[in-house]
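See structure below.
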Amino acid sequence: MHEIRTIFRVILEAVNQGRPIYFLVIVGLTALTEVGVPTLGLIDAVLLYVGYQFGLLSVRAVIVVALLTLGRMAGSSAIYWPSRVIGKAFIDWFERRFPSVCAKINQVVGRLTRRQTLGVVIVRFTPGFLTTGTVAAGMLKIKYKNFMVGVIIHSVIADVALILIGFLGKYGVTLAGIHLRSWQVITGAI
């Protein structure tokens, strides 16, 4: 728990002070999330904090969204390319063992080829399928450009939604006559 608090403190320093070296922590943490390492809601807490503290259209909010998107692109690429390379051998083995299942998979792939980017976005919003969807995209040989556009769209929508929730939380709390300090928001988010 101490390590999590330390990482969270470093991320908040990056957001508050704008130190570039700390921004690498945000990118790295997001990339680790993409490859399946749990971050226990740290990224979500940071986004809520940014929305609450700085607002929806602040420069810091834009920087954080851009950094998180960059981290997601790096992490998902680290999963996509190996699964694309190894995927052919696995699919060949799977087709020999389970031909009927492969016929159904090929139907899905046929539908997906027309809307690859939308498919990537939908799978990434499905809980529990972030890394699995990336592996599947690589194995099914979804075009890398379409895959990256899907990752970017998902990242921006998810991050802006959490920043908006933080912003609306502050606005709603202020309308109710309650004035919270930032440490109370951070404690509540954790």
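Every chain in the structure tokens has a letter given in the order shown (A, B, ...), and although residue numbers restart at 1 in each chain, ligands are simply numbered from 1 in the order shown.
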Write out as a tab-separated table (two decimals) with all heavy atoms, in the first residue's frame which residues come within 9 Å of A:Ala61 when counting only C-alpha atoms, dropping same-chain ones fewer than 6 positions away.
```
chain	number	residue	atom	x	y	z
A	15	VAL	N	1.25	16.20	-12.22
A	15	VAL	CA	0.11	16.98	-12.69
A	15	VAL	C	0.17	18.40	-12.13
A	15	VAL	O	-0.04	19.38	-12.85
A	15	VAL	CB	-1.21	16.29	-12.28
A	15	VAL	CG1	-2.40	17.17	-12.56
A	15	VAL	CG2	-1.35	14.96	-13.01
A	47	LEU	N	-7.34	10.96	-12.98
A	47	LEU	CA	-8.26	11.65	-13.90
A	47	LEU	C	-9.38	12.36	-13.15
A	47	LEU	O	-9.74	13.49	-13.50
A	47	LEU	CB	-8.82	10.65	-14.91
A	47	LEU	CG	-7.81	10.15	-15.94
A	47	LEU	CD1	-8.37	8.96	-16.69
A	47	LEU	CD2	-7.43	11.26	-16.90
A	50	VAL	N	-7.81	15.46	-11.62
A	50	VAL	CA	-7.56	16.50	-12.62
A	50	VAL	C	-8.86	17.22	-12.96
A	50	VAL	O	-8.89	18.44	-13.05
A	50	VAL	CB	-6.91	15.89	-13.89
A	50	VAL	CG1	-6.93	16.87	-15.05
A	50	VAL	CG2	-5.48	15.46	-13.60
A	51	GLY	N	-9.93	16.47	-13.15
A	51	GLY	CA	-11.23	17.10	-13.45
A	51	GLY	C	-11.72	17.96	-12.30
A	51	GLY	O	-12.24	19.05	-12.51
A	54	PHE	N	-8.62	20.97	-11.76
A	54	PHE	CA	-8.24	21.89	-12.84
A	54	PHE	C	-9.32	22.15	-13.87
A	54	PHE	O	-9.18	23.05	-14.69
A	54	PHE	CB	-6.99	21.35	-13.55
A	54	PHE	CG	-5.83	21.15	-12.62
A	54	PHE	CD1	-5.40	19.89	-12.31
A	54	PHE	CD2	-5.19	22.23	-12.05
A	54	PHE	CE1	-4.35	19.69	-11.44
A	54	PHE	CE2	-4.14	22.05	-11.17
A	54	PHE	CZ	-3.71	20.77	-10.86
A	55	GLY	N	-10.35	21.34	-13.90
A	55	GLY	CA	-11.42	21.57	-14.87
A	55	GLY	C	-11.26	20.72	-16.11
A	55	GLY	O	-10.26	20.04	-16.33
A	160	VAL	N	-11.59	11.46	-20.95
A	160	VAL	CA	-12.42	12.66	-20.88
A	160	VAL	C	-13.67	12.40	-20.03
A	160	VAL	O	-14.10	13.28	-19.28
A	160	VAL	CB	-12.78	13.17	-22.30
A	160	VAL	CG1	-13.84	14.24	-22.25
A	160	VAL	CG2	-11.52	13.69	-22.99
A	163	ILE	N	-12.54	12.67	-16.40
A	163	ILE	CA	-12.27	14.07	-16.06
A	163	ILE	C	-13.59	14.83	-15.93
A	163	ILE	O	-13.76	15.65	-15.02
A	163	ILE	CB	-11.34	14.72	-17.11
A	163	ILE	CG1	-9.93	14.13	-16.98
A	163	ILE	CG2	-11.30	16.23	-16.95
A	163	ILE	CD1	-8.98	14.56	-18.07
```
### Task
Would you kindly return, as number ranges by chain, each protein, DNA or RNA residue with an atom no farther than 10 Å from any atom of A:Ala66, considering only C-alpha atoms and excluding same-chain residues fewer than 2 positions away?
A: 27, 60-64, 68-72, 152, 155-156, 159
### Of the listed residues A:Asn16, A:Gly150, A:Val10, A:Leu140, that which approaches A:Ala89 most closely, counting only C-alpha atoms
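Looking at the shortest contact to A:Ala89, the residue is A:Leu140.
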### Task
Would you list, as a PyMOL selection string, the residues of stretch 21-149 of chain A that end up in alpha helix (DSSP H) under DSSP run on this structure's backbone?
chain A and resi 21-34+42-54+59-97+99-112+116-125+130-139+144-149
Just C-alpha atoms for this one: save the residues we selected as an mmCIF file, in the first residue's frame.
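After the write, again-v3.cif holds the following:
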```cif
data_model
loop_
_atom_site.group_PDB
_atom_site.id
_atom_site.type_symbol
_atom_site.label_atom_id
_atom_site.label_comp_id
_atom_site.auth_asym_id
_atom_site.auth_seq_id
_atom_site.Cartn_x
_atom_site.Cartn_y
_atom_site.Cartn_z
ATOM 1 C CA ILE A 21 10.456 13.521 -15.729
ATOM 2 C CA TYR A 22 7.370 12.655 -13.690
ATOM 3 C CA PHE A 23 5.324 12.484 -16.863
ATOM 4 C CA LEU A 24 7.337 9.392 -17.785
ATOM 5 C CA VAL A 25 5.846 7.734 -14.702
ATOM 6 C CA ILE A 26 2.354 8.383 -16.061
ATOM 7 C CA VAL A 27 3.239 6.993 -19.492
ATOM 8 C CA GLY A 28 4.973 3.957 -17.978
ATOM 9 C CA LEU A 29 2.138 3.216 -15.577
ATOM 10 C CA THR A 30 -0.393 3.395 -18.383
ATOM 11 C CA ALA A 31 1.732 1.134 -20.590
ATOM 12 C CA LEU A 32 1.933 -1.395 -17.754
ATOM 13 C CA THR A 33 -1.847 -1.312 -17.441
ATOM 14 C CA GLU A 34 -2.119 -2.166 -21.126
ATOM 15 C CA LEU A 42 -4.520 4.972 -9.774
ATOM 16 C CA ILE A 43 -5.104 6.270 -13.282
ATOM 17 C CA ASP A 44 -8.814 6.701 -12.647
ATOM 18 C CA ALA A 45 -8.107 8.559 -9.404
ATOM 19 C CA VAL A 46 -5.691 10.891 -11.192
ATOM 20 C CA LEU A 47 -8.255 11.646 -13.905
ATOM 21 C CA LEU A 48 -10.949 12.375 -11.325
ATOM 22 C CA TYR A 49 -8.506 14.620 -9.456
ATOM 23 C CA VAL A 50 -7.562 16.495 -12.624
ATOM 24 C CA GLY A 51 -11.226 17.103 -13.446
ATOM 25 C CA TYR A 52 -11.983 18.225 -9.912
ATOM 26 C CA GLN A 53 -8.896 20.380 -9.406
ATOM 27 C CA PHE A 54 -8.235 21.892 -12.837
ATOM 28 C CA VAL A 59 -3.996 22.629 -20.201
ATOM 29 C CA ARG A 60 -3.125 20.066 -17.529
ATOM 30 C CA ALA A 61 -6.140 17.945 -18.426
ATOM 31 C CA VAL A 62 -5.112 17.941 -22.081
ATOM 32 C CA ILE A 63 -1.529 17.011 -21.167
ATOM 33 C CA VAL A 64 -2.654 14.154 -18.916
ATOM 34 C CA VAL A 65 -5.008 12.783 -21.589
ATOM 35 C CA ALA A 66 -2.216 12.994 -24.182
ATOM 36 C CA LEU A 67 0.257 11.228 -21.877
ATOM 37 C CA LEU A 68 -2.203 8.480 -21.017
ATOM 38 C CA THR A 69 -2.959 8.005 -24.713
ATOM 39 C CA LEU A 70 0.757 7.757 -25.454
ATOM 40 C CA GLY A 71 1.182 5.162 -22.713
ATOM 41 C CA ARG A 72 -1.749 3.141 -24.021
ATOM 42 C CA MET A 73 -0.329 3.243 -27.529
ATOM 43 C CA ALA A 74 3.062 2.005 -26.302
ATOM 44 C CA GLY A 75 1.637 -0.741 -24.095
ATOM 45 C CA SER A 76 -0.857 -2.010 -26.630
ATOM 46 C CA SER A 77 1.829 -2.049 -29.343
ATOM 47 C CA ALA A 78 4.010 -4.182 -27.075
ATOM 48 C CA ILE A 79 1.207 -6.764 -27.001
ATOM 49 C CA TYR A 80 -0.102 -6.351 -30.556
ATOM 50 C CA TRP A 81 3.105 -7.083 -32.487
ATOM 51 C CA PRO A 82 4.144 -10.322 -30.730
ATOM 52 C CA SER A 83 0.596 -11.652 -30.947
ATOM 53 C CA ARG A 84 0.485 -10.785 -34.637
ATOM 54 C CA VAL A 85 3.749 -12.655 -35.276
ATOM 55 C CA ILE A 86 2.898 -15.699 -33.166
ATOM 56 C CA GLY A 87 -0.800 -15.620 -34.061
ATOM 57 C CA LYS A 88 -0.421 -17.310 -37.452
ATOM 58 C CA ALA A 89 1.076 -20.469 -35.961
ATOM 59 C CA PHE A 90 -1.581 -20.587 -33.243
ATOM 60 C CA ILE A 91 -4.444 -20.084 -35.695
ATOM 61 C CA ASP A 92 -3.105 -22.844 -37.962
ATOM 62 C CA TRP A 93 -2.901 -25.229 -34.982
ATOM 63 C CA PHE A 94 -6.382 -24.197 -33.817
ATOM 64 C CA GLU A 95 -7.890 -24.748 -37.293
ATOM 65 C CA ARG A 96 -6.571 -28.310 -37.383
ATOM 66 C CA ARG A 97 -8.036 -29.101 -33.961
ATOM 67 C CA PRO A 99 -12.466 -26.556 -37.686
ATOM 68 C CA SER A 100 -16.089 -25.700 -36.768
ATOM 69 C CA VAL A 101 -15.053 -23.061 -34.256
ATOM 70 C CA CYS A 102 -12.676 -21.563 -36.812
ATOM 71 C CA ALA A 103 -15.504 -21.235 -39.312
ATOM 72 C CA LYS A 104 -17.405 -19.072 -36.826
ATOM 73 C CA ILE A 105 -14.281 -17.057 -36.034
ATOM 74 C CA ASN A 106 -13.777 -16.439 -39.751
ATOM 75 C CA GLN A 107 -17.348 -15.095 -39.964
ATOM 76 C CA VAL A 108 -16.601 -12.633 -37.180
ATOM 77 C CA VAL A 109 -13.329 -11.635 -38.855
ATOM 78 C CA GLY A 110 -15.198 -11.085 -42.126
ATOM 79 C CA ARG A 111 -17.605 -8.702 -40.424
ATOM 80 C CA LEU A 112 -14.818 -7.041 -38.531
ATOM 81 C CA GLN A 116 -11.953 -2.677 -37.608
ATOM 82 C CA THR A 117 -11.556 0.574 -35.694
ATOM 83 C CA LEU A 118 -15.063 0.405 -34.246
ATOM 84 C CA GLY A 119 -14.480 -3.221 -33.260
ATOM 85 C CA VAL A 120 -11.290 -2.292 -31.409
ATOM 86 C CA VAL A 121 -13.053 0.522 -29.539
ATOM 87 C CA ILE A 122 -15.972 -1.697 -28.520
ATOM 88 C CA VAL A 123 -13.729 -4.523 -27.328
ATOM 89 C CA ARG A 124 -11.555 -2.115 -25.329
ATOM 90 C CA PHE A 125 -14.626 -0.761 -23.515
ATOM 91 C CA LEU A 130 -8.289 -4.771 -22.676
ATOM 92 C CA THR A 131 -5.262 -7.042 -23.084
ATOM 93 C CA THR A 132 -7.234 -9.928 -24.550
ATOM 94 C CA GLY A 133 -8.679 -7.660 -27.219
ATOM 95 C CA THR A 134 -5.208 -6.475 -28.131
ATOM 96 C CA VAL A 135 -3.978 -10.056 -28.463
ATOM 97 C CA ALA A 136 -7.009 -10.912 -30.589
ATOM 98 C CA ALA A 137 -6.457 -7.869 -32.798
ATOM 99 C CA GLY A 138 -2.891 -8.973 -33.433
ATOM 100 C CA MET A 139 -3.818 -12.593 -34.076
ATOM 101 C CA TYR A 144 -2.087 -1.640 -37.261
ATOM 102 C CA LYS A 145 -3.302 1.812 -38.316
ATOM 103 C CA ASN A 146 -6.920 0.878 -37.602
ATOM 104 C CA PHE A 147 -5.907 -0.709 -34.314
ATOM 105 C CA MET A 148 -4.041 2.424 -33.181
ATOM 106 C CA VAL A 149 -6.926 4.707 -34.165
#
```
### Task
Find the distance between atom CA of A:Ala161 and atom CA of A:Leu56 and write it in Å to one decimal.
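Value for the atom CA of A:Ala161-atom CA of A:Leu56 distance: 9.6 Å.
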### Task
Can you work out the spacing between atom CA of A:Ile7 and atom CA of A:Gly36 in Å, to one decimal?
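Atom CA of A:Gly36 lies 17.6 Å from atom CA of A:Ile7.
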